[in-house]
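Student: Here you go, start-v9.txt (compact mmCIF, C-alpha atoms and all ligand atoms):
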# COMPACT_ATOMS: atom_id res chain seq x y z
CA MET A 1 0.00 0.00 0.00
CA ARG A 2 1.09 3.60 -0.60
CA VAL A 3 2.13 5.20 2.69
CA LEU A 4 -0.16 8.18 2.12
CA ASP A 5 -3.17 5.92 1.58
CA SER A 6 -2.89 4.20 4.94
CA GLU A 7 -5.31 5.07 7.70
CA PHE A 8 -2.67 5.82 10.34
CA VAL A 9 -0.97 8.35 8.07
CA GLN A 10 -4.30 10.00 7.24
CA GLY A 11 -5.14 10.15 10.95
CA PHE A 12 -1.75 11.73 11.68
CA ILE A 13 -2.21 14.36 8.96
CA ARG A 14 -5.71 15.21 10.17
CA MET A 15 -4.53 15.63 13.76
CA ALA A 16 -1.61 17.84 12.69
CA ASN A 17 -3.95 20.02 10.65
CA ASP A 18 -6.46 20.22 13.50
CA GLY A 19 -3.63 21.54 15.71
CA TRP A 20 -2.71 24.10 13.03
CA GLU A 21 -6.34 25.25 12.85
CA GLN A 22 -6.44 25.67 16.63
CA GLY A 23 -3.56 28.18 16.32
CA TRP A 24 -1.08 26.04 18.26
CA HIS A 25 1.59 25.78 15.52
CA GLU A 26 2.90 29.17 14.46
CA ARG A 27 5.74 28.87 11.93
CA ASN A 28 7.55 25.58 12.71
CA GLY A 29 6.22 25.32 16.27
CA GLY A 30 5.26 21.95 17.71
CA ASN A 31 5.86 18.33 16.76
CA LEU A 32 3.96 15.04 16.57
CA THR A 33 5.12 11.39 16.64
CA TYR A 34 3.25 8.08 16.38
CA ARG A 35 4.59 4.60 17.27
CA ILE A 36 3.43 2.56 14.30
CA LYS A 37 1.72 -0.82 14.88
CA LYS A 38 3.45 -3.94 13.51
CA GLU A 39 0.63 -4.66 11.05
CA GLU A 40 0.69 -1.06 9.84
CA VAL A 41 4.44 -1.29 9.18
CA GLU A 42 3.84 -4.52 7.23
CA SER A 43 1.09 -2.90 5.17
CA VAL A 44 3.52 -0.28 3.82
CA ALA A 45 6.70 -2.42 3.91
CA GLU A 46 7.34 -2.23 0.15
CA ALA A 47 7.42 1.58 0.29
CA LEU A 48 10.10 1.67 3.04
CA ASN A 49 13.75 2.29 2.21
CA LYS A 50 16.00 0.13 4.40
CA GLU A 51 19.27 1.51 3.02
CA GLY A 52 19.37 4.85 4.88
CA GLU A 53 22.25 5.97 7.08
CA TRP A 54 21.92 5.36 10.83
CA GLU A 55 21.97 8.56 12.89
CA ALA A 56 22.38 8.91 16.67
CA ILE A 57 19.19 9.64 18.61
CA GLY A 58 21.19 11.41 21.33
CA THR A 59 19.92 9.11 24.07
CA SER A 60 19.22 5.46 24.63
CA VAL A 61 15.68 4.04 24.48
CA PRO A 62 16.35 0.27 24.57
CA LYS A 63 12.68 -0.71 25.09
CA LEU A 64 11.88 0.87 21.70
CA GLU A 65 14.38 -1.25 19.77
CA GLY A 66 13.17 -2.04 16.27
CA GLU A 67 10.08 0.19 16.56
CA TYR A 68 8.94 2.42 13.68
CA PHE A 69 7.64 5.96 14.16
CA LEU A 70 5.85 8.46 11.97
CA VAL A 71 7.32 11.86 12.90
CA THR A 72 7.09 15.50 11.85
CA GLY A 73 10.27 17.03 10.41
CA SER A 74 12.54 19.54 12.09
CA GLY A 75 11.88 23.08 10.83
CA LYS A 76 8.76 21.95 8.94
CA PHE A 77 5.53 23.90 9.29
CA PHE A 78 2.34 22.14 10.53
CA ARG A 79 0.48 24.44 8.14
CA ASN A 80 2.07 22.61 5.20
CA ILE A 81 1.61 19.01 6.33
CA ILE A 82 -1.78 18.63 4.66
CA ILE A 83 -0.54 19.89 1.26
CA LYS A 84 2.96 18.35 1.20
CA PRO A 85 3.08 15.48 3.67
CA GLU A 86 6.05 13.72 2.03
CA ASP A 87 8.13 16.88 2.47
CA SER A 88 6.98 17.54 6.05
CA MET A 89 7.20 14.19 7.80
CA ALA A 90 9.07 10.88 7.89
CA ILE A 91 8.85 7.26 8.93
CA ILE A 92 11.91 6.29 10.97
CA GLU A 93 13.12 2.92 12.23
CA LEU A 94 15.13 2.46 15.46
CA ASP A 95 18.08 0.05 15.62
CA ASP A 96 18.33 -2.99 17.89
CA LYS A 97 19.87 -0.97 20.74
CA GLY A 98 17.43 1.94 20.63
CA GLU A 99 20.36 4.33 20.09
CA ASN A 100 20.16 5.15 16.37
CA TYR A 101 17.44 5.83 13.81
CA ARG A 102 17.25 5.86 10.03
CA ILE A 103 14.74 7.48 7.70
CA CYS A 104 12.71 4.91 5.70
CA TRP A 105 10.18 7.21 4.04
CA GLY A 106 9.38 10.91 3.64
CA LEU A 107 11.38 14.14 4.04
CA VAL A 108 11.77 13.91 0.27
CA ASN A 109 13.51 17.28 0.06
CA GLY A 110 15.92 16.44 2.85
CA GLY A 111 15.85 17.29 6.53
CA ARG A 112 15.75 15.57 9.87
CA PRO A 113 13.09 14.34 12.28
CA THR A 114 11.71 16.84 14.80
CA SER A 115 14.21 18.78 16.92
CA GLU A 116 12.40 17.30 19.94
CA LEU A 117 13.01 13.68 18.86
CA THR A 118 14.89 12.94 22.11
CA SER A 119 11.94 14.10 24.24
CA HIS A 120 9.44 12.26 22.06
CA LEU A 121 11.30 8.95 22.14
CA MET A 122 12.02 9.10 25.88
CA ASN A 123 8.34 9.86 26.50
CA HIS A 124 7.28 7.04 24.17
CA GLU A 125 9.45 4.60 26.10
CA VAL A 126 8.06 5.69 29.48
CA LYS A 127 4.43 5.70 28.31
CA MET A 128 4.70 2.41 26.40
CA ILE A 129 5.85 0.76 29.63
CA SER A 130 3.38 2.50 31.97
CA SER A 131 0.39 1.90 29.65
CA GLY A 132 1.25 -1.73 28.90
CA GLY A 133 1.92 -0.87 25.24
CA LYS A 134 -1.32 1.09 24.67
CA HIS A 135 0.05 4.63 24.31
CA ARG A 136 1.32 5.40 20.80
CA VAL A 137 1.05 9.16 20.30
CA ILE A 138 3.21 11.96 21.72
CA TYR A 139 2.19 15.52 20.83
CA HIS A 140 3.91 18.84 21.54
CA ALA A 141 2.04 22.08 20.84
CA HIS A 142 2.40 25.78 21.62
CA THR A 143 -0.96 26.20 23.32
CA THR A 144 -1.54 29.91 23.88
CA ASN A 145 -3.59 29.93 27.08
CA VAL A 146 -1.53 27.32 28.95
CA ILE A 147 1.63 29.25 28.05
CA ALA A 148 0.04 32.46 29.37
CA LEU A 149 -0.80 30.74 32.66
CA THR A 150 2.85 29.79 33.19
CA PHE A 151 3.57 33.47 33.82
CA ILE A 152 1.02 33.94 36.59
CA LEU A 153 0.52 30.60 38.39
CA PRO A 154 3.19 29.02 40.61
CA LEU A 155 5.00 26.36 38.55
CA GLU A 156 3.71 23.48 40.68
CA ASP A 157 1.91 20.33 39.54
CA LYS A 158 -0.66 20.66 42.29
CA VAL A 159 -1.56 24.27 41.48
CA PHE A 160 -1.93 23.77 37.71
CA THR A 161 -3.86 20.53 38.13
CA ARG A 162 -6.31 21.98 40.62
CA GLU A 163 -6.90 25.26 38.78
CA LEU A 164 -7.43 23.44 35.47
CA TRP A 165 -9.73 20.85 37.06
CA GLU A 166 -11.90 23.60 38.57
CA MET A 167 -12.60 25.26 35.21
CA ALA A 168 -14.60 22.43 33.62
CA THR A 169 -16.33 19.48 35.24
CA GLU A 170 -15.03 17.01 32.65
CA CYS A 171 -11.36 17.89 33.31
CA PRO A 172 -10.74 15.54 36.25
CA VAL A 173 -12.36 12.74 34.24
CA VAL A 174 -10.18 13.46 31.17
CA PHE A 175 -6.90 13.84 33.12
CA PRO A 176 -7.51 12.24 36.52
CA ASP A 177 -3.78 11.77 37.22
CA GLY A 178 -3.21 15.52 36.96
CA ILE A 179 -0.53 17.36 35.02
CA GLY A 180 3.18 17.94 35.59
CA ILE A 181 5.17 21.15 35.19
CA VAL A 182 8.66 21.43 33.74
CA PRO A 183 10.28 24.76 34.68
CA TRP A 184 11.78 26.79 31.82
CA MET A 185 14.57 24.79 30.16
CA VAL A 186 16.45 24.95 26.87
CA PRO A 187 14.33 22.98 24.35
CA GLY A 188 15.62 20.33 21.96
CA GLY A 189 18.09 18.60 24.26
CA ARG A 190 18.42 15.62 26.53
CA ASP A 191 17.96 17.51 29.85
CA ILE A 192 14.43 18.68 29.03
CA ALA A 193 13.70 15.19 27.65
CA VAL A 194 14.77 13.57 30.94
CA ALA A 195 12.76 16.07 33.03
CA THR A 196 9.64 15.55 30.88
CA SER A 197 9.86 11.77 30.80
CA GLU A 198 10.23 11.69 34.62
CA LEU A 199 6.88 13.52 34.89
CA MET A 200 5.32 11.29 32.24
CA LYS A 201 5.79 8.29 34.54
CA GLU A 202 2.96 9.80 36.58
CA TYR A 203 1.04 12.02 34.15
CA ASP A 204 -0.21 12.04 30.53
CA VAL A 205 0.35 15.81 30.28
CA ALA A 206 3.45 17.92 30.95
CA VAL A 207 3.56 21.70 30.65
CA TRP A 208 6.80 23.33 29.52
CA ALA A 209 6.86 26.73 31.24
CA HIS A 210 6.76 29.67 28.79
CA HIS A 211 6.81 27.22 25.87
CA GLY A 212 3.91 24.77 25.50
CA MET A 213 2.63 21.32 26.36
CA PHE A 214 3.40 17.63 25.83
CA CYS A 215 0.57 15.07 25.78
CA SER A 216 0.59 11.29 25.49
CA GLY A 217 -2.28 9.03 24.46
CA GLU A 218 -3.45 5.79 22.90
CA ASP A 219 -4.51 7.22 19.56
CA PHE A 220 -4.93 10.48 17.67
CA ASP A 221 -8.43 11.17 19.04
CA PHE A 222 -7.50 10.73 22.70
CA THR A 223 -4.22 12.64 22.44
CA PHE A 224 -5.67 15.57 20.50
CA GLY A 225 -8.70 15.56 22.81
CA LEU A 226 -6.45 15.70 25.86
CA MET A 227 -4.45 18.68 24.53
CA HIS A 228 -7.70 20.39 23.52
CA THR A 229 -9.36 19.84 26.92
CA VAL A 230 -6.40 21.18 28.93
CA GLU A 231 -5.99 24.18 26.65
CA LYS A 232 -9.71 24.98 26.73
CA SER A 233 -9.67 24.86 30.52
CA ALA A 234 -6.71 27.26 30.51
CA GLU A 235 -8.74 29.58 28.26
CA ILE A 236 -11.55 29.58 30.81
CA ILE A 237 -9.08 30.51 33.59
CA ILE A 238 -7.85 33.43 31.49
CA LYS A 239 -11.43 34.59 30.79
CA MET A 240 -12.35 34.18 34.45
CA LEU A 241 -9.31 36.14 35.67
CA SER A 242 -10.02 38.84 33.06
CA MET A 243 -13.49 39.41 34.53
CA ARG A 244 -12.53 39.47 38.20
CA PRO A 245 -9.47 38.44 40.19
CA ASP A 246 -11.19 35.87 42.40
CA LYS A 247 -13.93 33.24 42.14
CA LEU A 248 -17.39 33.80 43.59
CA GLN A 249 -17.94 30.02 43.58
CA THR A 250 -16.18 26.95 42.25
CA ILE A 251 -16.05 23.14 42.28
CA THR A 252 -15.03 22.14 45.82
CA PRO A 253 -12.74 19.30 46.98
CA GLN A 254 -15.85 17.39 48.14
CA ASN A 255 -17.51 17.96 44.74
CA PHE A 256 -14.40 16.37 43.13
CA ARG A 257 -14.58 13.38 45.49
CA ASP A 258 -18.27 12.88 44.60
CA LEU A 259 -17.44 13.16 40.89
CA GLY A 260 -14.58 10.66 41.22
CA ARG A 261 -16.87 8.18 42.95
CA ASP A 262 -19.67 8.38 40.34
CA PHE A 263 -17.35 8.48 37.31
CA LYS A 264 -15.09 5.76 38.75
CA VAL A 265 -11.86 7.72 38.51
CA THR A 266 -9.30 7.95 41.31
CA LEU A 267 -8.44 11.59 41.97
CA PRO A 268 -5.28 11.84 44.10
CA GLU A 269 -5.98 13.58 47.43
CA LYS A 270 -2.82 15.69 46.99
CA PHE A 271 -4.79 17.79 44.46
CA LEU A 272 -7.80 18.22 46.75
CA TYR A 273 -6.11 20.44 49.31
CA GLU A 274 -7.92 23.23 51.18
CA LYS A 275 -7.05 26.68 49.81
O1 LIG A 301 9.95 24.27 16.69
O2 LIG A 301 8.26 23.37 19.02
O3 LIG A 301 10.09 22.89 20.84
C1 LIG A 301 9.64 23.05 17.20
C2 LIG A 301 9.38 23.19 18.62
C3 LIG A 301 10.51 23.09 19.55
ZN ZN A 302 8.07 23.84 21.07
Translate the structure of the given file into structure tokens.

Tutor:
Amino acid sequence: MRVLDSEFVQGFIRMANDGWEQGWHERNGGNLTYRIKKEEVESVAEALNKEGEWEAIGTSVPKLEGEYFLVTGSGKFFRNIIIKPEDSMAIIELDDKGENYRICWGLVNGGRPTSELTSHLMNHEVKMISSGGKHRVIYHAHTTNVIALTFILPLEDKVFTRELWEMATECPVVFPDGIGIVPWMVPGGRDIAVATSELMKEYDVAVWAHHGMFCSGEDFDFTFGLMHTVEKSAEIIIKMLSMRPDKLQTITPQNFRDLGRDFKVTLPEKFLYEK
């Protein structure tokens, strides 16, 4: 099958374009990667080039040995993915140590996988293990309202989680484990990748202060939906704070406990502190 005809590639392109339309991907901002299923790799096997040069990942992800990923390209614009996907993204294969990758398809005009490949692959490894193999999508976006909040809220997991939960009743059901905060760090390197993947052991969402968000999920719908839900909640905080500096009423810790019981989600007590 042609790579571009396969459902997983179409799903990837649609998600990338949805992110563009949300306004989360100015210029070359953001990146998206998908751990391809074995049967999906087989379905496009004849279109994959296995002669490419191996390149160092910059870290070691041994649990991902031999895995294939569909990834956005470094310096490529999300805005262009829908019109020139073969220029904007690539399929890469990892070697048997999880230390090197090679390009098997895409990036037809040259280029490299996303500048955040180290963060993506370290997060994939952590989430593949913690989800028993279910999580396949890692998504980084420059979500306007969450970024704005990182200038005015303390950079603490418990503050962001609680404030975001309070803004929309469905939030604790969509991200019951909460969200983690990475303080400002230089992007693109191993240090920010290590810090993010540490948080991803506990959470499906990590905020990069003054930069954006990372989300992990099982498929394109869940991962996009997660990013969208967190960002929408942040938008409500901004609107709320723009109207008045404090809340007249809100969802209380006991309301959250009642919600958790009826919706069968465990909400950690550390987020249900008295203010
Ligand atoms: O430009 O978003 O974090 C891509 C990025 C780097
Ligand atoms: Zn970024």

Student: Kindly indicate which residue among A:Ile129, A:Ile92, A:Val137, A:Val61 lies nearest to A:Phe12, using only C-alpha atoms for the distances.

Tutor: A:Val137

Student: Excluding A:Phe8 and any residue of its chain fewer than 5 positions from it, enumerate the residues within 9 Å of it, using all atoms listed in the file, and give them as an mmCIF file with C-alpha atoms, in the coordinates of the input.

Tutor:
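Result file is out.cif:
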data_model
loop_
_atom_site.group_PDB
_atom_site.id
_atom_site.type_symbol
_atom_site.label_atom_id
_atom_site.label_comp_id
_atom_site.auth_asym_id
_atom_site.auth_seq_id
_atom_site.Cartn_x
_atom_site.Cartn_y
_atom_site.Cartn_z
ATOM 1 C CA ILE A 13 -2.210 14.360 8.960
ATOM 2 C CA TYR A 34 3.250 8.080 16.380
ATOM 3 C CA ILE A 36 3.430 2.560 14.300
ATOM 4 C CA GLU A 40 0.690 -1.060 9.840
ATOM 5 C CA PHE A 220 -4.930 10.480 17.670
#

Student: Which chains and residue numbers are within 10 Å of ligand ZN 302 (chain A), counting all atoms listed in the file, if I want them as a list in words?

Tutor: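 Selection of residues at most 10 Å from ligand ZN 302 (chain A): Trp24, His25, Glu26, Asn28, Gly29, Gly30, Asn31, Ser115, Glu116, His140, Ala141, His142, Thr143, Pro187, Gly188, Trp208, His210, His211, Gly212, Met213 and Phe214 of chain A.
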
Student: Pull C-alpha atoms from the residues just selected and write them as a PDB file, in the coordinates of the input.

Tutor:
ATOM      1  CA  TRP A  24      -1.080  26.040  18.260  1.00  0.00           C
ATOM      2  CA  HIS A  25       1.590  25.780  15.520  1.00  0.00           C
ATOM      3  CA  GLU A  26       2.900  29.170  14.460  1.00  0.00           C
ATOM      4  CA  ASN A  28       7.550  25.580  12.710  1.00  0.00           C
ATOM      5  CA  GLY A  29       6.220  25.320  16.270  1.00  0.00           C
ATOM      6  CA  GLY A  30       5.260  21.950  17.710  1.00  0.00           C
ATOM      7  CA  ASN A  31       5.860  18.330  16.760  1.00  0.00           C
ATOM      8  CA  SER A 115      14.210  18.780  16.920  1.00  0.00           C
ATOM      9  CA  GLU A 116      12.400  17.300  19.940  1.00  0.00           C
ATOM     10  CA  HIS A 140       3.910  18.840  21.540  1.00  0.00           C
ATOM     11  CA  ALA A 141       2.040  22.080  20.840  1.00  0.00           C
ATOM     12  CA  HIS A 142       2.400  25.780  21.620  1.00  0.00           C
ATOM     13  CA  THR A 143      -0.960  26.200  23.320  1.00  0.00           C
ATOM     14  CA  PRO A 187      14.330  22.980  24.350  1.00  0.00           C
ATOM     15  CA  GLY A 188      15.620  20.330  21.960  1.00  0.00           C
ATOM     16  CA  TRP A 208       6.800  23.330  29.520  1.00  0.00           C
ATOM     17  CA  HIS A 210       6.760  29.670  28.790  1.00  0.00           C
ATOM     18  CA  HIS A 211       6.810  27.220  25.870  1.00  0.00           C
ATOM     19  CA  GLY A 212       3.910  24.770  25.500  1.00  0.00           C
ATOM     20  CA  MET A 213       2.630  21.320  26.360  1.00  0.00           C
ATOM     21  CA  PHE A 214       3.400  17.630  25.830  1.00  0.00           C
TER      22      PHE A 214
END

Student: Excluding stretch 150-154 of chain A and residues on its chain fewer than 5 positions from it, collect all residues at most 8 Å away from it, counting all atoms listed in the file, and give them as an MDAnalysis selection string.

Tutor: chainID A and resid 159:160 209:210

Student: A:Asn80: which residues within 10 Å, counting only C-alpha atoms, same-chain residues fewer than 3 positions away excluded, as a ChimeraX atom specification?

Tutor: /A:16-17,20,27-28,76-77,83-85,87-88

Student: Which of these, A:Gly189, A:Gly178, A:Gly110, A:Gly260, has the shortest distance to ligand LIG 301 (chain A) once you count all atoms listed in the file?

Tutor: A:Gly189

Student: A:His228, A:Val173, A:Thr223, A:Ile251: which is nearest A:Phe263, counting all atoms listed in the file?

Tutor: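 Ranking A:His228, A:Val173, A:Thr223, A:Ile251 by distance to A:Phe263, first place goes to A:Val173.
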
Student: Determine, counting all atoms listed in the file, which protein, DNA and RNA residues have an atom within 12 Å of an atom of stretch 244-249 of chain A; residues of the same chain fewer than 4 positions away are not included. Present the result as a PyMOL selection string.

Tutor: chain A and resi 152+163+166-167+237-240

Student: Extract, using all atoms listed in the file, all DNA, RNA and protein residues at most 10 Å from A:Asp221, discarding same-chain residues fewer than 2 positions from it, and format them as a list in words.

Tutor: Gly11, Phe12, Met15, Val137, Gly217, Glu218, Asp219, Thr223, Phe224, Gly225 and Leu226 of chain A

Student: For each of A:Val41, A:Leu64, A:Leu272, A:Leu267, take the minimum atom-to-atom distance to A:Lys127, counting all atoms listed in the file, then give the residue where this is smallest.

Tutor: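 Under the stated criterion, the closest residue is A:Leu64.
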
Student: Could you tell me how far atom CA of A:Gly98 lies from atom CA of A:Thr118, in Å and to one decimal?

Tutor: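 About the pair atom CA of A:Gly98 and atom CA of A:Thr118: they are 11.4 Å apart.
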
Student: Since the input is missing atoms, can you rebuild all heavy atoms for stretch 86-97 of chain A and write them as a compact mmCIF listing (two decimals), in the coordinates of the input?

Tutor:
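Final output, selection.txt:
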# COMPACT_ATOMS: atom_id res chain seq x y z
N GLU A 86 4.78 14.44 2.23
CA GLU A 86 6.05 13.72 2.03
C GLU A 86 7.27 14.61 2.25
O GLU A 86 8.37 14.11 2.43
CB GLU A 86 6.10 13.14 0.61
CG GLU A 86 5.18 11.96 0.45
CD GLU A 86 4.94 11.61 -1.01
OE1 GLU A 86 4.38 12.49 -1.72
OE2 GLU A 86 5.30 10.51 -1.41
N ASP A 87 7.05 15.93 2.19
CA ASP A 87 8.13 16.88 2.47
C ASP A 87 8.23 17.17 3.96
O ASP A 87 9.29 17.53 4.46
CB ASP A 87 7.84 18.19 1.71
CG ASP A 87 8.77 19.31 2.14
OD1 ASP A 87 9.92 19.31 1.68
OD2 ASP A 87 8.35 20.16 2.96
N SER A 88 7.09 17.02 4.67
CA SER A 88 6.98 17.54 6.05
C SER A 88 7.21 16.49 7.12
O SER A 88 7.40 16.84 8.28
CB SER A 88 5.58 18.12 6.26
OG SER A 88 5.25 19.04 5.26
N MET A 89 7.11 15.21 6.76
CA MET A 89 7.20 14.19 7.80
C MET A 89 7.97 12.97 7.30
O MET A 89 8.33 12.88 6.12
CB MET A 89 5.82 13.82 8.31
CG MET A 89 4.84 13.44 7.24
SD MET A 89 3.16 13.52 7.87
CE MET A 89 2.47 12.15 6.95
N ALA A 90 8.26 12.05 8.23
CA ALA A 90 9.07 10.88 7.89
C ALA A 90 8.61 9.67 8.69
O ALA A 90 8.03 9.79 9.77
CB ALA A 90 10.54 11.15 8.21
N ILE A 91 8.90 8.49 8.13
CA ILE A 91 8.85 7.26 8.93
C ILE A 91 10.29 6.92 9.27
O ILE A 91 11.16 6.90 8.38
CB ILE A 91 8.19 6.10 8.15
CG1 ILE A 91 6.69 6.39 7.97
CG2 ILE A 91 8.39 4.77 8.88
CD1 ILE A 91 5.94 5.33 7.16
N ILE A 92 10.56 6.71 10.55
CA ILE A 92 11.91 6.29 10.97
C ILE A 92 11.84 4.94 11.65
O ILE A 92 10.81 4.54 12.20
CB ILE A 92 12.57 7.31 11.93
CG1 ILE A 92 11.75 7.50 13.22
CG2 ILE A 92 12.80 8.66 11.23
CD1 ILE A 92 12.50 8.27 14.32
N GLU A 93 12.97 4.23 11.58
CA GLU A 93 13.12 2.92 12.23
C GLU A 93 14.23 3.06 13.28
O GLU A 93 15.23 3.74 13.02
CB GLU A 93 13.53 1.90 11.16
CG GLU A 93 13.85 0.53 11.68
CD GLU A 93 14.55 -0.35 10.62
OE1 GLU A 93 14.94 0.15 9.55
OE2 GLU A 93 14.70 -1.55 10.90
N LEU A 94 14.07 2.46 14.46
CA LEU A 94 15.13 2.46 15.46
C LEU A 94 15.95 1.17 15.35
O LEU A 94 15.42 0.13 14.95
CB LEU A 94 14.58 2.59 16.88
CG LEU A 94 13.72 3.82 17.21
CD1 LEU A 94 13.70 4.04 18.72
CD2 LEU A 94 14.18 5.08 16.53
N ASP A 95 17.22 1.25 15.71
CA ASP A 95 18.08 0.05 15.62
C ASP A 95 17.84 -0.88 16.82
O ASP A 95 16.98 -0.60 17.68
CB ASP A 95 19.56 0.46 15.48
CG ASP A 95 20.13 1.07 16.76
OD1 ASP A 95 19.40 1.19 17.78
OD2 ASP A 95 21.31 1.45 16.74
N ASP A 96 18.62 -1.96 16.87
CA ASP A 96 18.33 -2.99 17.89
C ASP A 96 18.88 -2.63 19.28
O ASP A 96 18.73 -3.42 20.21
CB ASP A 96 18.84 -4.37 17.42
CG ASP A 96 20.33 -4.34 17.11
OD1 ASP A 96 20.98 -3.30 17.39
OD2 ASP A 96 20.84 -5.34 16.59
N LYS A 97 19.47 -1.44 19.40
CA LYS A 97 19.87 -0.97 20.74
C LYS A 97 18.99 0.20 21.20
O LYS A 97 19.07 0.62 22.35
CB LYS A 97 21.33 -0.49 20.72
CG LYS A 97 22.36 -1.57 20.50
CD LYS A 97 23.72 -1.07 21.00
CE LYS A 97 24.83 -2.02 20.66
NZ LYS A 97 25.11 -2.04 19.18
